[in-house]
Each structure stands twice: as C-alpha cells, then as structure tokens.
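Engineer: Enclosed is the structure file target_21.txt (compact mmCIF, C-alpha atoms).
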```txt
# COMPACT_ATOMS: atom_id res chain seq x y z
CA MET A 70 -18.67 -24.17 -8.02
CA PRO A 71 -18.51 -20.66 -9.60
CA GLY A 72 -21.12 -18.07 -8.73
CA LYS A 73 -22.12 -15.68 -5.99
CA VAL A 74 -21.47 -16.37 -2.33
CA PRO A 75 -24.76 -17.59 -0.74
CA PRO A 76 -26.80 -15.00 1.21
CA GLU A 77 -26.43 -16.94 4.47
CA GLU A 78 -22.64 -16.67 4.25
CA LEU A 79 -22.90 -12.97 3.43
CA LEU A 80 -25.11 -12.50 6.47
CA ALA A 81 -22.79 -14.50 8.70
CA TYR A 82 -19.43 -13.17 7.55
CA VAL A 83 -19.85 -9.95 5.57
CA PHE A 84 -22.76 -7.66 6.46
CA GLY A 85 -21.82 -7.35 10.11
CA ARG A 86 -18.15 -6.68 9.42
CA THR A 87 -18.15 -3.22 7.92
CA GLY A 88 -15.71 -1.18 9.97
CA THR A 89 -17.38 1.94 11.38
CA ALA A 90 -20.32 1.92 8.93
CA ASN A 91 -22.96 1.31 11.60
CA GLU A 92 -21.79 4.37 13.54
CA ASP A 93 -21.13 6.62 10.53
CA GLU A 94 -24.10 8.92 9.94
CA SER A 95 -22.87 9.72 6.44
CA VAL A 96 -23.51 6.13 5.31
CA ILE A 97 -27.02 6.16 3.82
CA GLN A 98 -26.85 2.65 2.38
CA GLY A 99 -24.20 0.11 3.35
CA PRO A 100 -23.77 -3.57 2.46
CA ALA A 101 -27.06 -5.49 2.56
CA ASP A 102 -28.79 -8.38 0.83
CA GLY A 103 -29.95 -7.30 -2.62
CA GLU A 104 -28.16 -3.95 -2.55
CA ASP A 105 -25.67 -3.45 -5.39
CA ALA A 106 -24.54 0.11 -4.68
CA ALA A 107 -23.54 2.19 -1.68
CA ALA A 108 -24.86 5.66 -0.87
CA VAL A 109 -22.79 8.15 1.10
CA ALA A 110 -23.85 11.67 2.00
CA TRP A 111 -21.17 14.10 0.86
CA PRO A 112 -20.05 16.16 3.87
CA ASP A 113 -20.46 19.91 3.62
CA ASP A 114 -17.37 21.98 2.86
CA GLU A 115 -14.95 19.03 2.81
CA GLY A 116 -13.11 19.84 -0.39
CA THR A 117 -11.89 17.17 -2.79
CA LEU A 118 -13.00 13.53 -2.97
CA VAL A 119 -10.03 11.16 -3.42
CA VAL A 120 -10.69 7.63 -4.74
CA SER A 121 -8.25 4.75 -5.25
CA SER A 122 -8.63 1.04 -6.08
CA ASP A 123 -6.13 -1.78 -5.64
CA PRO A 124 -6.32 -5.58 -5.95
CA ILE A 125 -4.46 -8.09 -3.80
CA SER A 126 -4.09 -11.43 -5.55
CA LEU A 127 -0.67 -12.94 -4.93
CA ALA A 128 -0.15 -12.70 -1.18
CA ALA A 129 -1.27 -15.88 0.59
CA SER A 130 -1.58 -14.35 4.05
CA GLN A 131 -3.90 -11.62 5.42
CA VAL A 132 -5.18 -10.51 2.01
CA GLY A 133 -8.05 -8.65 3.69
CA ARG A 134 -5.74 -6.57 5.87
CA LEU A 135 -3.39 -5.88 2.98
CA GLY A 136 -6.28 -4.92 0.71
CA VAL A 137 -7.63 -2.30 3.10
CA HIS A 138 -4.29 -0.73 3.90
CA VAL A 139 -2.94 -0.69 0.34
CA ALA A 140 -6.06 1.08 -0.94
CA CYS A 141 -6.22 3.49 2.01
CA ASN A 142 -2.51 4.25 1.68
CA ASP A 143 -3.08 5.70 -1.78
CA VAL A 144 -5.75 8.01 -0.37
CA ALA A 145 -3.49 9.01 2.53
CA ALA A 146 -0.62 9.68 0.10
CA SER A 147 -2.88 12.21 -1.62
CA GLY A 148 -3.33 14.20 1.58
CA ALA A 149 -6.76 12.77 2.45
CA ASP A 150 -8.19 10.76 5.34
CA PRO A 151 -9.72 7.47 4.10
CA ARG A 152 -13.40 7.30 5.10
CA TRP A 153 -15.24 4.80 2.90
CA LEU A 154 -14.36 1.45 1.29
CA THR A 155 -15.93 -1.00 -1.13
CA ALA A 156 -14.60 -4.56 -1.24
CA VAL A 157 -14.68 -7.14 -4.04
CA ILE A 158 -13.88 -10.67 -2.86
CA LEU A 159 -13.35 -13.39 -5.47
CA LEU A 160 -12.87 -16.92 -4.09
CA PRO A 161 -11.69 -20.09 -5.86
CA ASP A 162 -14.23 -22.37 -4.11
CA PRO A 163 -16.46 -22.57 -1.01
CA SER A 164 -13.57 -23.89 1.09
CA ALA A 165 -11.74 -20.56 0.74
CA PRO A 166 -11.43 -18.58 4.00
CA LEU A 167 -14.22 -16.01 3.53
CA GLU A 168 -14.67 -15.72 7.30
CA THR A 169 -10.98 -14.94 7.84
CA ILE A 170 -10.83 -12.47 4.95
CA THR A 171 -13.85 -10.47 6.08
CA ASP A 172 -12.66 -10.52 9.69
CA ASP A 173 -9.37 -9.01 8.50
CA LEU A 174 -11.22 -6.45 6.35
CA ASP A 175 -13.32 -5.38 9.30
CA ALA A 176 -10.36 -5.09 11.70
CA ALA A 177 -8.20 -3.14 9.25
CA ALA A 178 -11.04 -0.77 8.36
CA ARG A 179 -11.57 -0.02 12.04
CA GLU A 180 -7.84 0.66 12.47
CA VAL A 181 -7.95 3.46 9.90
CA GLY A 182 -11.45 4.64 10.88
CA ALA A 183 -13.04 3.76 7.53
CA SER A 184 -16.49 2.38 6.74
CA ILE A 185 -16.97 -0.54 4.33
CA VAL A 186 -20.05 0.63 2.42
CA GLY A 187 -20.44 -1.99 -0.31
CA GLY A 188 -18.79 -4.46 -2.66
CA HIS A 189 -19.26 -7.85 -4.27
CA SER A 190 -18.32 -11.47 -3.56
CA GLU A 191 -18.25 -14.44 -5.90
CA TYR A 192 -16.77 -17.89 -6.47
CA VAL A 193 -14.51 -18.11 -9.53
CA ASP A 194 -13.17 -21.60 -10.08
CA GLN A 195 -10.41 -20.38 -12.41
CA LEU A 196 -8.66 -18.77 -9.44
CA GLU A 197 -5.96 -20.58 -7.49
CA ARG A 198 -6.15 -18.24 -4.48
CA PRO A 199 -8.52 -15.52 -3.23
CA LEU A 200 -8.47 -12.16 -4.98
CA VAL A 201 -9.50 -9.12 -2.96
CA SER A 202 -9.89 -5.66 -4.48
CA LEU A 203 -10.62 -2.57 -2.40
CA THR A 204 -11.71 0.90 -3.45
CA ALA A 205 -10.96 3.58 -0.87
CA MET A 206 -12.46 7.07 -0.80
CA GLY A 207 -11.60 10.09 1.29
CA SER A 208 -11.73 13.87 1.29
CA THR A 209 -9.18 16.61 1.67
CA ASN A 210 -8.90 20.37 1.43
CA ALA A 211 -5.29 20.15 0.25
CA PHE A 212 -4.74 17.46 -2.39
CA VAL A 213 -1.08 16.34 -2.65
CA PRO A 214 -0.16 14.79 -6.03
CA THR A 215 2.61 12.35 -6.88
CA GLY A 216 3.70 14.79 -9.57
CA GLY A 217 4.35 17.83 -7.41
CA ALA A 218 8.08 17.48 -6.67
CA GLU A 219 10.12 20.62 -7.30
CA PRO A 220 13.86 20.94 -7.96
CA GLY A 221 15.58 21.76 -4.68
CA ASP A 222 13.22 19.65 -2.58
CA GLY A 223 14.56 16.96 -0.28
CA VAL A 224 13.29 13.37 -0.44
CA VAL A 225 11.96 11.80 2.78
CA LEU A 226 11.09 8.14 3.43
CA THR A 227 9.12 7.03 6.47
CA LYS A 228 9.78 3.76 8.32
CA ALA A 229 11.92 1.57 6.02
CA ALA A 230 12.19 -0.15 2.65
CA GLY A 231 10.43 -3.43 1.90
CA ILE A 232 8.11 -3.62 4.89
CA GLU A 233 5.27 -5.40 3.09
CA GLY A 234 7.64 -7.50 1.02
CA THR A 235 9.47 -8.67 4.13
CA ALA A 236 6.21 -9.86 5.70
CA ILE A 237 5.26 -11.63 2.46
CA LEU A 238 8.63 -13.36 2.27
CA ALA A 239 8.23 -14.60 5.82
CA ALA A 240 4.63 -15.76 5.34
CA ASP A 241 4.74 -17.19 1.82
CA PHE A 242 8.33 -18.43 1.51
CA GLY A 243 9.76 -18.51 5.03
CA ASP A 244 9.73 -22.30 5.36
CA ASP A 245 11.90 -22.60 2.24
CA LEU A 246 14.44 -19.93 3.16
CA ASP A 247 17.54 -20.43 5.28
CA VAL A 248 16.56 -17.83 7.87
CA ASP A 249 16.19 -18.27 11.62
CA SER A 250 12.63 -18.74 12.82
CA ASP A 251 12.85 -15.77 15.19
CA VAL A 252 13.74 -13.52 12.24
CA ARG A 253 10.74 -14.84 10.30
CA ASP A 254 8.49 -14.32 13.31
CA ARG A 255 9.57 -10.70 13.68
CA ALA A 256 9.18 -10.14 9.95
CA ALA A 257 5.63 -11.49 10.01
CA THR A 258 4.67 -8.71 12.44
CA PHE A 259 5.59 -6.09 9.83
CA LEU A 260 2.05 -6.41 8.46
CA GLU A 261 0.95 -4.48 11.53
CA GLU A 262 2.82 -1.46 10.10
CA ILE A 263 1.39 -1.47 6.57
CA SER A 264 -0.77 1.61 7.06
CA VAL A 265 0.71 4.99 6.16
CA VAL A 266 -2.38 6.93 7.17
CA PRO A 267 -0.54 8.38 10.23
CA ASP A 268 2.50 9.14 8.06
CA GLY A 269 0.36 10.97 5.52
CA ARG A 270 -1.31 13.11 8.17
CA VAL A 271 2.09 14.44 9.21
CA LEU A 272 3.73 14.74 5.81
CA ARG A 273 0.82 16.44 4.03
CA GLU A 274 1.52 19.58 6.06
CA HIS A 275 4.95 19.88 4.43
CA ALA A 276 5.03 17.85 1.19
CA THR A 277 5.02 19.04 -2.39
CA ALA A 278 4.51 15.41 -3.53
CA MET A 279 3.78 12.09 -1.83
CA HIS A 280 3.78 8.51 -3.07
CA ASP A 281 3.54 5.16 -1.33
CA PRO A 282 5.88 2.53 -2.78
CA THR A 283 4.05 -0.72 -3.53
CA GLU A 284 4.94 -3.10 -6.37
CA GLY A 285 8.63 -2.79 -7.19
CA GLY A 286 9.39 -1.36 -3.76
CA VAL A 287 11.06 1.91 -2.85
CA ALA A 288 13.08 1.94 -6.07
CA ALA A 289 9.94 1.74 -8.21
CA GLY A 290 8.17 4.29 -6.02
CA LEU A 291 11.01 6.76 -6.43
CA PHE A 292 11.09 6.27 -10.20
CA GLU A 293 7.32 6.71 -10.43
CA LEU A 294 7.56 9.93 -8.44
CA ALA A 295 10.36 11.19 -10.71
CA ARG A 296 8.37 10.35 -13.82
CA ALA A 297 5.13 11.90 -12.53
CA SER A 298 6.96 15.11 -11.53
CA ASP A 299 9.27 15.20 -14.58
CA VAL A 300 12.33 15.57 -12.36
CA ARG A 301 15.57 13.77 -11.60
CA LEU A 302 15.84 12.20 -8.17
CA LYS A 303 19.29 11.65 -6.71
CA VAL A 304 19.07 9.16 -3.84
CA ASP A 305 21.81 7.90 -1.55
CA ARG A 306 21.14 4.16 -1.42
CA ASP A 307 22.99 3.86 1.88
CA ALA A 308 20.66 6.46 3.41
CA VAL A 309 17.55 4.33 2.71
CA PRO A 310 16.60 2.56 5.97
CA VAL A 311 16.52 -1.25 5.65
CA ARG A 312 15.70 -3.40 8.67
CA PRO A 313 17.85 -6.42 9.61
CA GLU A 314 14.92 -8.80 9.03
CA THR A 315 14.50 -7.43 5.52
CA GLU A 316 18.21 -7.81 4.83
CA ALA A 317 18.22 -11.43 6.05
CA LEU A 318 15.14 -12.58 4.14
CA CYS A 319 16.12 -10.77 0.95
CA GLU A 320 19.63 -12.21 1.04
CA ALA A 321 18.22 -15.73 1.45
CA ALA A 322 15.69 -15.18 -1.35
CA GLY A 323 18.07 -13.42 -3.74
CA ALA A 324 15.96 -10.26 -3.68
CA ASP A 325 16.83 -6.56 -3.46
CA PRO A 326 15.29 -4.91 -0.36
CA LEU A 327 14.57 -1.81 -2.42
CA ARG A 328 12.76 -3.85 -5.09
CA ILE A 329 10.21 -5.78 -3.05
CA PHE A 330 6.70 -4.61 -2.16
CA GLY A 331 7.10 -1.44 -0.14
CA SER A 332 3.73 -0.72 1.46
CA GLY A 333 4.22 0.59 4.98
CA ALA A 334 6.63 3.34 3.93
CA LEU A 335 5.72 6.73 2.48
CA LEU A 336 7.82 8.83 0.14
CA ALA A 337 7.57 12.61 0.13
CA THR A 338 9.36 15.53 -1.40
CA VAL A 339 9.66 18.49 0.95
CA PRO A 340 11.10 22.00 0.45
CA GLU A 341 14.62 22.01 1.81
CA ASP A 342 13.86 24.68 4.39
CA ALA A 343 11.05 22.50 5.81
CA ILE A 344 12.99 19.23 6.07
CA ASP A 345 13.99 19.66 9.71
CA ASP A 346 10.45 20.57 10.77
CA CYS A 347 9.10 17.63 8.80
CA LEU A 348 11.47 15.10 10.39
CA ALA A 349 10.80 16.54 13.84
CA ALA A 350 7.04 16.23 13.32
CA LEU A 351 7.42 12.61 12.25
CA GLU A 352 9.57 11.88 15.30
CA SER A 353 6.95 13.49 17.55
CA ALA A 354 4.40 11.13 16.01
CA ASP A 355 6.67 8.14 16.79
CA LEU A 356 7.34 7.56 13.10
CA GLU A 357 10.83 6.69 11.90
CA ALA A 358 11.97 8.68 8.88
CA ALA A 359 15.08 9.68 6.97
CA GLU A 360 16.09 12.18 4.33
CA ILE A 361 17.38 10.00 1.50
CA GLY A 362 17.97 12.30 -1.47
CA THR A 363 17.30 15.45 -3.43
CA VAL A 364 15.23 16.60 -6.40
CA GLY A 365 16.87 18.06 -9.48
CA GLU A 366 15.84 19.19 -12.95
CA ALA A 367 15.20 16.40 -15.44
CA SER A 368 17.90 16.19 -18.06
CA ARG A 369 16.72 17.31 -21.47
CA ALA A 370 17.10 15.27 -24.64
CA SER A 371 15.56 18.18 -26.55
CA GLU A 372 13.83 21.45 -25.81
CA THR A 373 10.45 19.70 -25.46
CA THR A 374 11.21 16.18 -24.21
CA GLY A 375 12.01 15.53 -20.58
CA ASP A 376 14.06 12.61 -19.34
CA PRO A 377 13.02 11.94 -15.73
CA THR A 378 15.38 9.54 -14.02
CA LEU A 379 16.29 8.06 -10.69
CA GLU A 380 19.93 8.04 -9.65
CA LEU A 381 20.03 5.37 -6.95
CA GLY A 382 23.58 5.36 -5.69
CA SER A 383 25.73 4.51 -8.69
CA GLU A 384 22.75 3.12 -10.65
CA THR A 385 20.74 5.23 -13.09
CA ILE A 386 17.17 4.02 -13.58
CA ALA A 387 15.14 5.26 -16.54
CA ASP A 388 12.71 2.35 -17.02
CA PRO A 389 9.95 0.79 -14.87
CA ILE A 390 11.05 -1.75 -12.26
CA GLN A 391 9.69 -5.27 -11.80
CA ASP A 392 9.22 -6.53 -8.26
CA ASP A 393 11.71 -9.18 -7.14
CA LEU A 394 8.92 -11.24 -5.55
CA TYR A 395 7.27 -12.12 -8.86
CA PRO A 396 9.86 -14.72 -9.90
CA LEU A 397 9.44 -16.37 -6.50
CA TRP A 398 5.67 -16.65 -6.92
CA GLU A 399 6.10 -17.95 -10.47
CA ALA A 400 8.51 -20.63 -9.28
CA ALA A 401 6.12 -21.62 -6.48
CA ASP A 402 3.22 -21.94 -8.93
CA GLU A 403 5.31 -24.19 -11.19
CA ASP A 404 6.01 -26.48 -8.24
```
As structure tokens - that is how I would like this structure written.
Structural biologist:
Amino acid sequence: MPGKVPPEELLAYVFGRTGTANEDESVIQGPADGEDAAAVAWPDDEGTLVVSSDPISLAASQVGRLGVHVACNDVAASGADPRWLTAVILLPDPSAPLETITDDLDAAAREVGASIVGGHSEYVDQLERPLVSLTAMGSTNAFVPTGGAEPGDGVVLTKAAGIEGTAILAADFGDDLDVDSDVRDRAATFLEEISVVPDGRVLREHATAMHDPTEGGVAAGLFELARASDVRLKVDRDAVPVRPETEALCEAAGADPLRIFGSGALLATVPEDAIDDCLAALESADLEAAEIGTVGEASRASETTGDPTLELGSETIADPIQDDLYPLWEAADED
C-alpha cells in the first residue's frame, strides 16, 4: 500500500538511529514525529557550507550504507568534513527492509561522524526495490572544486578503480558469475572502503581539484574532471590500480574495471612539485594511492571553444561514459 511509513515504525527504526545527532549540540531539531524540517546552528567562523545529494536505487545490498558514503564523499571531495545528513527512504511495500536500511544509515553516519537531522519515508508501490536518497552537508575554509585542475598538475588516484562496482557485482550478480566464492566474499568486503572522507582530509592540503568517481567509474570521473576544468588529461591506463577481485568479476561479467561504479576512490590533481609530499601523506594515513597521469591544456577547435578530453592509454574520450553495470541490471529486470 502506498503512503507514509506508520509512526510506530518510524519510532522503532528511524528516530533513534540518527548517527551522532543526540550528542551534537549544533542540532537544534532532528528527526521527530510531525517535524518536516531540520534546524542546525551554523558554527561560528567555519567558512563555506558544502551540500550534496545523491540517490541509491539500483544496488540491492546495503543501500543505506552506500547512500551515506556516496553523499558524504561528494562533500569530502570538496575539501569539507561531512557533518549533517537528511535521508529520504522510499519503499515498495511494508515488507521492505526498513529496519536494515536505517540500521545501515545509522552505522555509516557514525563512521564518518555525521548527524542525520531529518528526511522523509514513504511507501511507493511503483518501485521494485528501495530507493534511498541522502543529502550531506559540511563546512570548510578551503573549498576544492572539481574544476580547479591546472596544466602541469599530476593526477592522483587513491585506493583502486571499481571498488563500489566490485562489491555490487559480488552482491547482486555473484551467483550468476563464474567466479570462485572466496573471490566474491573478498569483493563483498569492499563496501567497507566506500568512504573517501579520510582520503579527502589528506588530499585537500595539496589538491587543485578533487572528484570522486561514481557512475561510469574512474574513466567517467576523469572525463568529468577534465570537462569541469577545461583541460586535457593524459592517463596511463596501466598505472591505474585495479585489484585482482575487480579483474576477476569484471572479466566474468564482461565489464571494464574502469567503467563500473567507482566510489571508494578519490581523484585529485596536484601541483607536480607537491606530488611526492601528497603520496607520502597518503601512505602515512595508510591509504593506497598512485600517480596515474598529467594535466595538459585543452586542445582548441577555435579561439573561444575548448575541447576538454581524456586520453586513457591509447583511447581518446570526448563524450560522457555509461556505466557497464547498467546493462546487467537491465538484463536482470527483464528476467
């Protein structure tokens, strides 16, 4: 039956699962029965408010955890610390796992130190699976844009390509892929590495631009960064870290590791003379990272029109990239 989630379920599974909201003195009004908006006291002298929203609708596993980290990653990639979240939970019917989703939301919010301050929940019978949408907010004194890359910068990637996509392949399609169960089990744990909040805290001290690759993977993230900065990125495909579990699952699924959901990694452009310090700082924080390319001037079709591109190995990319997981979901829905 469509409509709002009953108050007793909100009380049982939502209002008490709000990350650090109960301990956060800046939260004036958090989630409560009858309250439609959150109120947060703006901290004194804390610079710029950063806000980002993202929905999670296709992943069948841990949508609450993914929702929190994907939204918070965008805030972290802007040089901010995520502090507040609102959550919209749309469920296909009362049998949907509201308890599991809100438990995941609560746990993930606590991991990044964020307070869930409001949101909305509702039953929508047109849905086939839960849809969760998070808005994350944070503050920073040094905003880092996606469009700040400068010619001469180096390109750094933390962790590896396809971390989120690998976990999704294992969870949503693993039973249908010819991959050993131990590989799938290891891949499923990649969801524990989705957050790039620690990565952002290190990189923001050095970066001219940052961007977290999500839909379309590292390849799409690189192209988006090139387009936002109006530059040409030249990336050595062989230098992009890809884990063995990602290689195995992608090979079985017919997917490109650089073109599946990439949350868990963070892209940054860094002045060449700061690359060594940047990589050393990431290593000190126990974060894997690699320099994968360089930033150059965009080629010019005319005096006024830029042509930002991504040179990924021998491939030149000048158009948006579709994620290789979408055809798999479409095929599953048809079955």
Engineer: For segment 236-290 of chain A against segment 386-390 of chain A, with a cut-off of 10 Å and counting all atoms listed in the file, what is the closest atom pair and its distance in Å to one decimal for every residue that makes the cut, ordered by chain and number, as CSV?
Structural biologist:
```
residue,atom,partner,partner_atom,distance
A:Glu284,CA,A:Ile390,CA,8.6
A:Gly285,CA,A:Ile390,CA,5.7
A:Gly286,CA,A:Ile390,CA,8.7
A:Ala288,CA,A:Ile390,CA,7.5
A:Ala289,CA,A:Ile390,CA,5.5
A:Gly290,CA,A:Ile390,CA,9.1
```
Engineer: I want to know what sits within 10 Å of Glu197 of chain A, based on all atoms listed in the file, with residues of the same chain fewer than 4 positions away left out; could you give that as a list in words?
Structural biologist: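 Those residues are Ser126, Leu127, Leu160, Pro161, Asp162, Val193 and Asp402 of chain A.
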Engineer: Need to verify the contact set: segment 204-219 of chain A, 7 Å, only C-alpha atoms, exclusion of same-chain residues closer than 3 positions in sequence. Can you return it as an mmCIF file with C-alpha atoms, in the coordinates of the input?
Structural biologist:
```
data_model
loop_
_atom_site.group_PDB
_atom_site.id
_atom_site.type_symbol
_atom_site.label_atom_id
_atom_site.label_comp_id
_atom_site.auth_asym_id
_atom_site.auth_seq_id
_atom_site.Cartn_x
_atom_site.Cartn_y
_atom_site.Cartn_z
ATOM 1 C CA GLU A 115 -14.950 19.030 2.810
ATOM 2 C CA GLY A 116 -13.110 19.840 -0.390
ATOM 3 C CA THR A 117 -11.890 17.170 -2.790
ATOM 4 C CA LEU A 118 -13.000 13.530 -2.970
ATOM 5 C CA VAL A 119 -10.030 11.160 -3.420
ATOM 6 C CA VAL A 120 -10.690 7.630 -4.740
ATOM 7 C CA SER A 121 -8.250 4.750 -5.250
ATOM 8 C CA SER A 122 -8.630 1.040 -6.080
ATOM 9 C CA ASP A 123 -6.130 -1.780 -5.640
ATOM 10 C CA ALA A 140 -6.060 1.080 -0.940
ATOM 11 C CA CYS A 141 -6.220 3.490 2.010
ATOM 12 C CA VAL A 144 -5.750 8.010 -0.370
ATOM 13 C CA SER A 147 -2.880 12.210 -1.620
ATOM 14 C CA GLY A 148 -3.330 14.200 1.580
ATOM 15 C CA ALA A 149 -6.760 12.770 2.450
ATOM 16 C CA ASP A 150 -8.190 10.760 5.340
ATOM 17 C CA PRO A 151 -9.720 7.470 4.100
ATOM 18 C CA ARG A 152 -13.400 7.300 5.100
ATOM 19 C CA TRP A 153 -15.240 4.800 2.900
ATOM 20 C CA LEU A 154 -14.360 1.450 1.290
ATOM 21 C CA THR A 155 -15.930 -1.000 -1.130
ATOM 22 C CA ALA A 156 -14.600 -4.560 -1.240
ATOM 23 C CA ASP A 222 13.220 19.650 -2.580
ATOM 24 C CA ARG A 273 0.820 16.440 4.030
ATOM 25 C CA THR A 277 5.020 19.040 -2.390
ATOM 26 C CA ALA A 278 4.510 15.410 -3.530
ATOM 27 C CA MET A 279 3.780 12.090 -1.830
ATOM 28 C CA HIS A 280 3.780 8.510 -3.070
ATOM 29 C CA LEU A 294 7.560 9.930 -8.440
ATOM 30 C CA ALA A 297 5.130 11.900 -12.530
ATOM 31 C CA SER A 298 6.960 15.110 -11.530
ATOM 32 C CA THR A 338 9.360 15.530 -1.400
ATOM 33 C CA VAL A 364 15.230 16.600 -6.400
#
```
Engineer: Name the closest residue to Ala295 of chain A among the candidates A:Pro326, A:Gly382, A:Gly133, A:Pro377; distances are taken between atoms, counting all atoms listed in the file.
Structural biologist: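 When distances to Ala295 of chain A are compared using all atoms listed in the file, the smallest one comes from A:Pro377.
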Engineer: So the first atom is atom CA of Arg255 of chain A and the second is atom CA of Pro313 of chain A; what is the distance between them in Å, to one decimal place?
Structural biologist: 10.2 Å
Engineer: May I have the centre and edge lengths, in Å to one decimal, of an axis-aligned box around the listed atoms of segment 131-138 of chain A with 6 Å added to every side, as JSON?
Structural biologist:
```
{"center_x": -5.7, "center_y": -6.2, "center_z": 3.3, "size_x": 16.7, "size_y": 22.9, "size_z": 17.2}
```
Engineer: Which residue is closest to Thr235 of chain A? Choose from A:Glu316, A:Glu403, A:Glu94, A:Asp251 and count all atoms listed in the file.
Structural biologist: A:Glu316
Engineer: Rounded to one decimal in Å, what is the spacing between atom CA of Ala230 of chain A and atom CA of Leu335 of chain A?
Structural biologist: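 Atom CA of Leu335 of chain A lies at a distance of 9.4 Å from atom CA of Ala230 of chain A.
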Engineer: A:Asp241, A:Pro310, A:Ala334, A:Glu341: which is nearest Ala401 of chain A, counting all atoms listed in the file?
Structural biologist: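 Among A:Asp241, A:Pro310, A:Ala334, A:Glu341, it is A:Asp241 that comes nearest to Ala401 of chain A.
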